[in-house]
file structure_30.txt (compact mmCIF, C-alpha atoms)
# COMPACT_ATOMS: atom_id res chain seq x y z
CA MET O 16 65.02 83.87 100.95
CA SER O 17 64.07 80.50 102.52
CA PRO O 18 66.17 77.73 100.97
CA CYS O 19 64.68 74.24 100.62
CA ILE O 20 66.60 70.97 100.17
CA LEU O 21 65.11 67.59 99.33
CA HIS O 22 67.42 65.00 100.92
CA VAL O 23 67.37 61.47 99.51
CA SER O 24 69.73 58.60 100.20
CA ASP O 25 70.49 54.96 99.47
CA LEU O 26 68.61 54.52 96.21
CA HIS O 27 70.30 51.18 95.42
CA PHE O 28 69.47 51.07 91.74
CA GLY O 29 69.87 47.47 90.61
CA ALA O 30 68.76 45.85 93.89
CA ARG O 31 65.58 43.79 93.96
CA ASN O 32 64.04 46.36 96.32
CA GLY O 33 65.97 49.38 95.10
CA LEU O 34 64.50 52.62 93.85
CA ASP O 35 63.83 51.04 90.46
CA ASP O 36 60.17 50.75 91.46
CA PRO O 37 58.01 52.64 88.92
CA ALA O 38 55.44 53.81 91.48
CA LEU O 39 58.06 55.14 93.89
CA GLU O 40 60.05 56.72 91.07
CA ARG O 41 56.97 58.62 89.89
CA ALA O 42 56.05 59.58 93.45
CA LEU O 43 59.47 61.08 94.15
CA GLY O 44 59.06 63.27 91.09
CA GLU O 45 55.64 64.34 92.40
CA LEU O 46 57.15 65.20 95.77
CA VAL O 47 59.74 67.36 94.02
CA ALA O 48 56.92 69.22 92.26
CA ARG O 49 55.06 69.63 95.56
CA THR O 50 57.98 70.90 97.65
CA SER O 51 59.87 72.88 94.94
CA PRO O 52 63.35 72.34 96.39
CA ASP O 53 66.25 74.59 95.46
CA LEU O 54 68.48 71.51 95.56
CA VAL O 55 68.19 67.73 95.67
CA ALA O 56 70.98 66.37 97.90
CA VAL O 57 71.77 62.67 97.46
CA SER O 58 73.88 61.16 100.25
CA GLY O 59 75.25 58.10 98.50
CA ASP O 60 74.53 54.51 97.50
CA LEU O 61 73.01 55.39 94.18
CA THR O 62 73.74 51.86 92.98
CA HIS O 63 73.73 48.41 94.53
CA ARG O 64 76.69 46.72 92.86
CA CYS O 65 78.39 49.62 91.06
CA ARG O 66 77.56 48.22 87.65
CA PRO O 67 77.78 50.69 84.75
CA ALA O 68 74.10 50.16 83.89
CA GLU O 69 73.11 50.96 87.48
CA HIS O 70 75.07 54.23 87.40
CA ASP O 71 73.48 55.05 84.05
CA ALA O 72 69.97 54.45 85.42
CA ALA O 73 70.57 56.43 88.62
CA ALA O 74 72.02 59.43 86.77
CA ARG O 75 69.24 59.41 84.18
CA TYR O 76 66.59 59.30 86.90
CA LEU O 77 68.10 61.97 89.14
CA HIS O 78 68.69 64.44 86.32
CA ALA O 79 65.08 63.96 85.20
CA LEU O 80 63.85 65.24 88.58
CA GLY O 81 64.63 68.78 87.45
CA PRO O 82 66.24 70.74 90.31
CA PRO O 83 70.00 71.15 90.73
CA LEU O 84 71.71 68.11 92.25
CA LEU O 85 74.48 67.61 94.78
CA VAL O 86 75.54 63.97 94.94
CA VAL O 87 78.16 62.20 97.08
CA PRO O 88 79.29 58.57 96.73
CA GLY O 89 78.27 55.71 99.01
CA ASN O 90 80.09 52.49 99.80
CA HIS O 91 77.98 50.65 97.20
CA ASP O 92 79.07 53.10 94.48
CA ILE O 93 82.56 51.61 94.17
CA PRO O 94 83.40 48.06 92.99
CA LEU O 95 82.96 45.31 95.54
CA PHE O 96 86.06 43.35 94.52
CA PRO O 97 89.62 44.05 93.37
CA PRO O 98 91.31 45.08 91.20
CA GLY O 99 88.75 47.79 90.34
CA ARG O 100 88.06 48.50 93.99
CA PHE O 101 91.63 49.66 94.53
CA LEU O 102 92.88 50.71 91.10
CA SER O 103 89.92 52.79 89.88
CA PRO O 104 87.21 52.84 92.58
CA PHE O 105 85.34 55.88 91.22
CA LYS O 106 85.66 55.07 87.51
CA HIS O 107 81.93 54.57 86.92
CA TYR O 108 80.77 57.11 89.51
CA GLU O 109 82.88 59.95 88.09
CA ARG O 110 81.32 59.58 84.66
CA PHE O 111 78.43 61.57 86.14
CA TRP O 112 79.40 63.09 89.48
CA SER O 113 82.25 64.78 91.31
CA THR O 114 83.62 63.35 94.56
CA ALA O 115 84.06 66.94 95.79
CA PRO O 116 80.84 68.72 94.78
CA VAL O 117 79.68 72.17 95.86
CA HIS O 118 76.48 74.12 95.31
CA SER O 119 76.05 77.87 95.65
CA SER O 120 72.78 79.73 95.17
CA PRO O 121 71.20 82.77 96.84
CA GLY O 122 71.04 82.07 100.57
CA LEU O 123 72.41 78.52 100.28
CA GLU O 124 75.92 77.01 100.35
CA VAL O 125 76.33 73.22 100.26
CA VAL O 126 79.52 71.18 100.19
CA GLY O 127 79.82 67.44 99.65
CA LEU O 128 82.50 65.17 101.09
CA SER O 129 83.44 61.63 100.13
CA SER O 130 83.55 59.30 103.14
CA ILE O 131 84.34 56.25 101.00
CA THR O 132 87.51 54.23 101.40
CA PRO O 133 88.33 51.12 99.35
CA TRP O 134 89.97 49.62 102.44
CA GLY O 135 86.73 48.93 104.27
CA HIS O 136 83.40 47.69 102.90
CA GLN O 137 81.27 49.50 105.51
CA ARG O 138 83.79 51.78 107.22
CA GLY O 139 83.79 55.47 106.35
CA ARG O 140 86.52 58.08 106.57
CA VAL O 141 86.91 61.64 105.29
CA ARG O 142 90.39 62.53 104.06
CA ARG O 143 91.97 65.52 105.79
CA ALA O 144 92.46 67.38 102.52
CA ASP O 145 88.76 66.99 101.71
CA LEU O 146 87.75 68.22 105.16
CA ALA O 147 90.02 71.25 104.83
CA ARG O 148 88.46 72.01 101.43
CA ALA O 149 84.95 71.83 102.92
CA GLU O 150 85.95 74.06 105.84
CA SER O 151 87.33 76.70 103.49
CA HIS O 152 84.20 76.69 101.34
CA LEU O 153 81.83 76.96 104.31
CA ALA O 154 83.86 79.63 106.07
CA ALA O 155 83.98 81.76 102.91
CA ALA O 156 80.20 81.69 102.42
CA PRO O 157 78.13 84.84 102.95
CA PRO O 158 77.36 85.34 106.67
CA ASP O 159 73.59 84.81 106.28
CA ALA O 160 73.81 81.79 103.98
CA PHE O 161 72.34 78.47 105.07
CA ARG O 162 75.44 76.26 105.18
CA VAL O 163 75.13 72.51 104.68
CA ALA O 164 77.58 69.58 104.45
CA VAL O 165 76.74 66.21 102.88
CA LEU O 166 78.45 62.81 103.23
CA HIS O 167 77.36 59.18 103.11
CA HIS O 168 78.36 57.76 106.50
CA GLN O 169 76.35 58.83 109.52
CA LEU O 170 77.60 60.88 112.45
CA ALA O 171 74.72 60.10 114.83
CA GLY O 172 73.74 56.56 115.79
CA ALA O 173 70.73 54.84 114.28
CA PRO O 174 67.59 54.82 116.46
CA TRP O 175 66.98 51.12 115.87
CA ARG O 176 69.22 48.12 115.26
CA SER O 177 72.33 48.64 113.17
CA ARG O 178 75.85 47.26 113.11
CA LYS O 179 77.05 50.03 110.83
CA ARG O 180 79.63 52.17 112.57
CA PRO O 181 79.57 55.96 112.18
CA VAL O 182 82.18 57.79 110.15
CA GLU O 183 85.68 57.57 111.58
CA GLY O 184 86.72 60.55 113.71
CA ARG O 185 83.18 61.89 113.88
CA SER O 186 83.83 64.15 116.89
CA GLU O 187 86.61 66.02 115.12
CA LEU O 188 84.64 66.06 111.86
CA LEU O 189 81.57 67.52 113.55
CA GLY O 190 83.59 70.07 115.51
CA ARG O 191 85.49 71.33 112.50
CA LEU O 192 82.48 71.52 110.18
CA ALA O 193 80.45 73.33 112.85
CA ALA O 194 83.30 75.76 113.52
CA ALA O 195 83.44 76.53 109.80
CA GLY O 196 79.75 77.41 109.86
CA ALA O 197 77.87 74.21 108.94
CA GLU O 198 74.36 74.37 110.35
CA LEU O 199 73.14 71.08 108.88
CA ILE O 200 75.03 67.86 108.11
CA LEU O 201 73.27 65.31 105.87
CA SER O 202 74.09 61.60 105.65
CA GLY O 203 72.57 58.17 105.01
CA HIS O 204 74.05 54.66 105.07
CA VAL O 205 71.98 53.10 107.89
CA HIS O 206 68.53 53.25 106.21
CA GLN O 207 67.04 54.73 109.38
CA ALA O 208 65.95 58.30 110.04
CA THR O 209 67.85 60.17 112.75
CA ILE O 210 67.60 63.88 113.55
CA ALA O 211 69.61 65.44 116.36
CA GLU O 212 71.01 68.84 117.24
CA ARG O 213 74.64 68.86 118.37
CA ARG O 214 73.79 70.32 121.76
CA ASP O 215 71.40 67.44 122.44
CA PHE O 216 74.39 65.20 123.13
CA GLU O 217 77.49 67.40 123.42
CA VAL O 218 78.25 70.25 125.81
CA VAL O 219 79.58 73.16 123.78
CA ALA O 220 80.94 76.21 125.55
CA GLY O 221 79.65 79.68 124.75
CA ARG O 222 77.11 80.63 122.11
CA ALA O 223 77.43 77.55 119.94
CA ARG O 224 76.36 77.57 116.34
CA THR O 225 73.34 75.49 115.44
CA CYS O 226 74.40 72.17 113.91
CA VAL O 227 71.70 69.63 113.07
CA LEU O 228 72.59 66.07 112.08
CA ALA O 229 70.09 64.49 109.68
CA THR O 230 70.47 60.86 108.61
CA ALA O 231 67.93 60.03 105.89
CA PRO O 232 65.83 56.84 106.13
CA GLY O 233 66.80 55.61 102.64
CA LEU O 234 64.76 54.85 99.53
CA GLY O 235 66.07 51.45 98.52
CA ARG O 236 65.45 48.48 100.79
CA PRO O 237 67.77 45.73 99.58
CA ARG O 238 67.97 43.84 102.89
CA PRO O 239 65.23 41.19 102.91
CA ARG O 240 65.53 40.54 106.64
CA ARG O 241 64.52 44.09 107.46
CA PRO O 242 61.09 44.42 105.84
CA ASN O 243 59.85 46.93 108.43
CA GLU O 244 62.44 49.63 107.77
CA ALA O 245 60.67 52.74 106.52
CA ARG O 246 61.54 54.16 103.13
CA GLY O 247 61.52 57.92 103.01
CA VAL O 248 63.13 61.32 102.48
CA PHE O 249 63.73 64.57 104.34
CA VAL O 250 62.74 68.07 103.31
CA HIS O 251 64.95 70.72 104.93
CA ARG O 252 63.94 74.37 105.04
CA ALA O 253 65.58 77.39 106.64
CA ASP O 254 64.53 80.97 107.18
CA GLY O 255 66.17 83.68 109.24
CA GLU O 256 65.05 82.20 112.52
CA ARG O 257 64.99 78.42 112.32
CA ILE O 258 65.71 75.19 110.50
CA GLU O 259 62.85 72.78 109.81
CA VAL O 260 63.26 69.10 108.95
CA GLU O 261 60.14 67.33 107.65
CA THR O 262 60.11 63.54 107.24
CA TYR O 263 58.12 61.85 104.48
CA VAL O 264 57.73 58.06 104.45
CA TRP O 265 56.50 55.91 101.58
CA ALA O 266 53.57 53.74 102.69
CA ASP O 267 50.59 52.21 100.91
CA GLY O 268 51.54 53.83 97.63
CA ASP O 269 51.75 57.40 98.88
CA TRP O 270 53.88 59.82 100.88
CA ARG O 271 53.01 60.46 104.51
CA SER O 272 54.46 63.30 106.53
CA THR O 273 55.41 61.82 109.91
CA GLY O 274 56.46 65.07 111.54
CA THR O 275 58.46 68.27 111.39
CA ARG O 276 61.31 69.08 113.76
CA ALA O 277 62.36 72.71 114.20
CA PHE O 278 65.66 74.08 115.49
CA PRO O 279 66.55 77.74 116.16
CA ARG O 280 69.38 79.18 114.08
CA THR O 281 71.99 80.61 116.44
CA GLY O 282 75.51 81.96 116.11
CA ARG O 283 75.46 82.06 112.33
CA GLY O 284 78.60 82.83 110.36
CA GLY O 285 81.75 80.84 109.82
CA SER O 286 85.27 81.17 111.12
CA THR O 287 88.58 80.90 109.37
CA PRO O 288 89.55 77.21 109.36
CA PRO O 289 92.72 76.20 111.21
CA HIS O 290 95.89 75.56 109.20

call {"tool": "encode", "arguments": {"input": "structure_30.txt", "output": "structure tokens"}}
result
Amino acid sequence: MSPCILHVSDLHFGARNGLDDPALERALGELVARTSPDLVAVSGDLTHRCRPAEHDAAARYLHALGPPLLVVPGNHDIPLFPPGRFLSPFKHYERFWSTAPVHSSPGLEVVGLSSITPWGHQRGRVRRADLARAESHLAAAPPDAFRVAVLHHQLAGAPWRSRKRPVEGRSELLGRLAAAGAELILSGHVHQATIAERRDFEVVAGRARTCVLATAPGLGRPRPRRPNEARGVFVHRADGERIEVETYVWADGDWRSTGTRAFPRTGRGGSTPPH
């Protein structure tokens, strides 16, 4: 069993340069047919201004892709202004999606976390109860399952310019998810592709578990001052020996594979989360 995940992020339905581009919409469906993913993981910002019609369009489009979906909210998926931002931030989002989604299929366990807080427009934070829930789910997965966590805000820094700060408490978040067995953590938010293995930047004692951080480049491009940011997706695959992350970018009306990164799977299996 070699699970495959198509990872998309930051669709921004409703923006002038959001995903509501007929050619790109068709092409994403074609990429799904080509790669045959077991799951489409969407790491937030489905909409641009959290309007009901934008949520309707995003849900209709994503369900039409065919494969099972795991969707987490982004900071654009809650109202921009009060009182809705504070009184019922997920009112429109929760018509279609859970803020605590999970996916289980043969060889694959995926858990989604909300990193959205109404108290900051760009800032991200995972509530402790949600993190504990994710730890329990990952730790209880079959030992050989490919274990994945998904949230909107990035853990690793963007490779190019960005003022967007990573998720709050990222060191603890990474350590606890990895200890629970997460081998891959998916995010978005910065509209720039970043792929890094935990041991590239952090010394971990002993036989550390593989933990790859993958921040998707984004599909919508609502910022007019950044015309050169690539639009693209990741395709993640895992077999018994390694994890592969392939990047596809949208250019000149077609998908281009810009490279595949491979990481060995080591120290698989989760631990019982701390209480």

call {"tool": "atom_distance", "arguments": {"input": "structure_30.txt", "atom1": "atom CA of O:Glu256", "atom2": "atom CA of O:Ser17"}}
result
10.2 Å

call {"tool": "residues_around", "arguments": {"input": "structure_30.txt", "residues": "stretch 143-159 of chain O", "least_positions_apart": "2", "cutoff": "10 Å", "atoms": "all atoms listed in the file", "output": "NGL selection string"}}
result
:O and (114-117 or 119 or 121-130 or 140-141 or 161-165 or 188 or 191-198 or 254-255 or 283-290)

call {"tool": "closest_residue", "arguments": {"input": "structure_30.txt", "among": "O:Val47, O:Leu26, O:Leu199, O:Ile210", "to": "O:Ile258", "atoms": "only C-alpha atoms"}}
result
O:Leu199

call {"tool": "closest_residue", "arguments": {"input": "structure_30.txt", "among": "O:Trp175, O:Phe28, O:Trp270, O:Trp134", "to": "O:Ala74", "atoms": "all atoms listed in the file"}}
result
O:Phe28

call {"tool": "axis_aligned_box", "arguments": {"input": "structure_30.txt", "around": "stretch 145-152 of chain O", "padding_each_side": "4 Å", "output": "lines of an AutoDock Vina configuration file"}}
result
center_x = 87.1
center_y = 71.8
center_z = 103.6
size_x = 13.8
size_y = 17.7
size_z = 12.5

call {"tool": "residues_around", "arguments": {"input": "structure_30.txt", "residues": "O:Leu166", "least_positions_apart": "3", "cutoff": "10 Å", "atoms": "all atoms listed in the file", "output": "list in words"}}
result
Ala56, Val57, Ser58, Gly59, Val86, Val87, Pro88, Gly89, Val126, Gly127, Leu128, Ser129, Ser130, Ile131, Gly139, Arg140, Val141, Gln169, Leu170, Val182, Ile200, Leu201, Ser202, Gly203, His204 and Thr230 of chain O

call {"tool": "atom_distance", "arguments": {"input": "structure_30.txt", "atom1": "atom CA of O:Ser186", "atom2": "atom CA of O:Ser120"}}
result
28.9 Å

call {"tool": "closest_residue", "arguments": {"input": "structure_30.txt", "among": "O:Ala253, O:Tyr76, O:Tyr263, O:Arg176", "to": "O:Pro37", "atoms": "all atoms listed in the file"}}
result
O:Tyr76

call {"tool": "decode", "arguments": {"input": "structure_30.txt", "residues": "stretch 90-122 of chain O", "atoms": "N, CA and C atoms", "output": "PDB file, in the first residue's frame"}}
result
ATOM      1  N   ASN O  90      -7.243  31.685   7.709  1.00  0.00           N
ATOM      2  CA  ASN O  90      -7.625  32.953   8.322  1.00  0.00           C
ATOM      3  C   ASN O  90      -8.609  33.745   7.459  1.00  0.00           C
ATOM      4  N   HIS O  91      -8.679  33.464   6.158  1.00  0.00           N
ATOM      5  CA  HIS O  91      -9.660  34.124   5.300  1.00  0.00           C
ATOM      6  C   HIS O  91     -11.029  33.439   5.345  1.00  0.00           C
ATOM      7  N   ASP O  92     -11.133  32.313   6.043  1.00  0.00           N
ATOM      8  CA  ASP O  92     -12.387  31.563   6.066  1.00  0.00           C
ATOM      9  C   ASP O  92     -13.291  31.937   7.234  1.00  0.00           C
ATOM     10  N   ILE O  93     -12.898  32.969   7.998  1.00  0.00           N
ATOM     11  CA  ILE O  93     -13.774  33.516   9.027  1.00  0.00           C
ATOM     12  C   ILE O  93     -14.013  34.987   8.697  1.00  0.00           C
ATOM     13  N   PRO O  94     -15.092  35.590   9.215  1.00  0.00           N
ATOM     14  CA  PRO O  94     -15.393  36.986   8.875  1.00  0.00           C
ATOM     15  C   PRO O  94     -14.250  37.926   9.223  1.00  0.00           C
ATOM     16  N   LEU O  95     -14.098  38.953   8.411  1.00  0.00           N
ATOM     17  CA  LEU O  95     -13.036  39.928   8.627  1.00  0.00           C
ATOM     18  C   LEU O  95     -13.355  40.874   9.772  1.00  0.00           C
ATOM     19  N   PHE O  96     -14.629  41.171   9.970  1.00  0.00           N
ATOM     20  CA  PHE O  96     -15.021  42.201  10.939  1.00  0.00           C
ATOM     21  C   PHE O  96     -15.984  41.631  11.982  1.00  0.00           C
ATOM     22  N   PRO O  97     -16.049  42.280  13.169  1.00  0.00           N
ATOM     23  CA  PRO O  97     -17.068  41.922  14.145  1.00  0.00           C
ATOM     24  C   PRO O  97     -18.438  42.387  13.661  1.00  0.00           C
ATOM     25  N   PRO O  98     -19.523  41.849  14.243  1.00  0.00           N
ATOM     26  CA  PRO O  98     -19.532  40.908  15.364  1.00  0.00           C
ATOM     27  C   PRO O  98     -19.339  39.449  14.953  1.00  0.00           C
ATOM     28  N   GLY O  99     -19.533  39.149  13.642  1.00  0.00           N
ATOM     29  CA  GLY O  99     -19.442  37.758  13.203  1.00  0.00           C
ATOM     30  C   GLY O  99     -18.098  37.131  13.487  1.00  0.00           C
ATOM     31  N   ARG O 100     -17.052  37.926  13.420  1.00  0.00           N
ATOM     32  CA  ARG O 100     -15.706  37.393  13.626  1.00  0.00           C
ATOM     33  C   ARG O 100     -15.551  36.778  15.015  1.00  0.00           C
ATOM     34  N   PHE O 101     -16.242  37.335  16.006  1.00  0.00           N
ATOM     35  CA  PHE O 101     -16.096  36.868  17.371  1.00  0.00           C
ATOM     36  C   PHE O 101     -17.287  36.022  17.836  1.00  0.00           C
ATOM     37  N   LEU O 102     -18.475  36.323  17.360  1.00  0.00           N
ATOM     38  CA  LEU O 102     -19.656  35.615  17.843  1.00  0.00           C
ATOM     39  C   LEU O 102     -19.883  34.280  17.136  1.00  0.00           C
ATOM     40  N   SER O 103     -19.617  34.227  15.843  1.00  0.00           N
ATOM     41  CA  SER O 103     -19.846  32.978  15.092  1.00  0.00           C
ATOM     42  C   SER O 103     -18.828  32.876  13.956  1.00  0.00           C
ATOM     43  N   PRO O 104     -17.530  32.778  14.285  1.00  0.00           N
ATOM     44  CA  PRO O 104     -16.493  32.835  13.243  1.00  0.00           C
ATOM     45  C   PRO O 104     -16.578  31.723  12.206  1.00  0.00           C
ATOM     46  N   PHE O 105     -17.048  30.537  12.590  1.00  0.00           N
ATOM     47  CA  PHE O 105     -17.052  29.402  11.665  1.00  0.00           C
ATOM     48  C   PHE O 105     -18.452  29.077  11.140  1.00  0.00           C
ATOM     49  N   LYS O 106     -19.364  30.027  11.246  1.00  0.00           N
ATOM     50  CA  LYS O 106     -20.755  29.798  10.849  1.00  0.00           C
ATOM     51  C   LYS O 106     -20.860  29.319   9.406  1.00  0.00           C
ATOM     52  N   HIS O 107     -20.219  30.008   8.483  1.00  0.00           N
ATOM     53  CA  HIS O 107     -20.315  29.640   7.064  1.00  0.00           C
ATOM     54  C   HIS O 107     -19.432  28.436   6.750  1.00  0.00           C
ATOM     55  N   TYR O 108     -18.263  28.390   7.342  1.00  0.00           N
ATOM     56  CA  TYR O 108     -17.326  27.286   7.102  1.00  0.00           C
ATOM     57  C   TYR O 108     -17.944  25.951   7.522  1.00  0.00           C
ATOM     58  N   GLU O 109     -18.568  25.919   8.689  1.00  0.00           N
ATOM     59  CA  GLU O 109     -19.067  24.657   9.239  1.00  0.00           C
ATOM     60  C   GLU O 109     -20.349  24.170   8.558  1.00  0.00           C
ATOM     61  N   ARG O 110     -20.860  24.912   7.609  1.00  0.00           N
ATOM     62  CA  ARG O 110     -21.944  24.362   6.794  1.00  0.00           C
ATOM     63  C   ARG O 110     -21.447  23.189   5.947  1.00  0.00           C
ATOM     64  N   PHE O 111     -20.140  23.164   5.690  1.00  0.00           N
ATOM     65  CA  PHE O 111     -19.572  22.147   4.803  1.00  0.00           C
ATOM     66  C   PHE O 111     -18.478  21.302   5.451  1.00  0.00           C
ATOM     67  N   TRP O 112     -17.749  21.861   6.398  1.00  0.00           N
ATOM     68  CA  TRP O 112     -16.532  21.212   6.880  1.00  0.00           C
ATOM     69  C   TRP O 112     -16.472  21.202   8.408  1.00  0.00           C
ATOM     70  N   SER O 113     -15.727  20.257   8.935  1.00  0.00           N
ATOM     71  CA  SER O 113     -15.447  20.208  10.366  1.00  0.00           C
ATOM     72  C   SER O 113     -14.165  20.983  10.661  1.00  0.00           C
ATOM     73  N   THR O 114     -14.081  21.575  11.832  1.00  0.00           N
ATOM     74  CA  THR O 114     -12.828  22.218  12.256  1.00  0.00           C
ATOM     75  C   THR O 114     -11.896  21.212  12.932  1.00  0.00           C
ATOM     76  N   ALA O 115     -12.337  19.955  13.049  1.00  0.00           N
ATOM     77  CA  ALA O 115     -11.501  18.907  13.643  1.00  0.00           C
ATOM     78  C   ALA O 115     -11.609  17.638  12.809  1.00  0.00           C
ATOM     79  N   PRO O 116     -11.231  17.697  11.534  1.00  0.00           N
ATOM     80  CA  PRO O 116     -11.444  16.550  10.649  1.00  0.00           C
ATOM     81  C   PRO O 116     -10.390  15.460  10.829  1.00  0.00           C
ATOM     82  N   VAL O 117     -10.761  14.239  10.503  1.00  0.00           N
ATOM     83  CA  VAL O 117      -9.829  13.114  10.453  1.00  0.00           C
ATOM     84  C   VAL O 117     -10.149  12.285   9.221  1.00  0.00           C
ATOM     85  N   HIS O 118      -9.143  11.577   8.757  1.00  0.00           N
ATOM     86  CA  HIS O 118      -9.319  10.648   7.623  1.00  0.00           C
ATOM     87  C   HIS O 118      -8.557   9.380   7.942  1.00  0.00           C
ATOM     88  N   SER O 119      -9.220   8.250   7.787  1.00  0.00           N
ATOM     89  CA  SER O 119      -8.599   6.944   7.985  1.00  0.00           C
ATOM     90  C   SER O 119      -8.909   6.069   6.784  1.00  0.00           C
ATOM     91  N   SER O 120      -7.864   5.512   6.191  1.00  0.00           N
ATOM     92  CA  SER O 120      -8.011   4.556   5.101  1.00  0.00           C
ATOM     93  C   SER O 120      -6.827   3.610   5.194  1.00  0.00           C
ATOM     94  N   PRO O 121      -6.842   2.494   4.466  1.00  0.00           N
ATOM     95  CA  PRO O 121      -5.743   1.536   4.583  1.00  0.00           C
ATOM     96  C   PRO O 121      -4.374   2.183   4.369  1.00  0.00           C
ATOM     97  N   GLY O 122      -3.535   2.114   5.378  1.00  0.00           N
ATOM     98  CA  GLY O 122      -2.176   2.646   5.281  1.00  0.00           C
ATOM     99  C   GLY O 122      -2.056   4.140   5.473  1.00  0.00           C
TER     100      GLY O 122
END
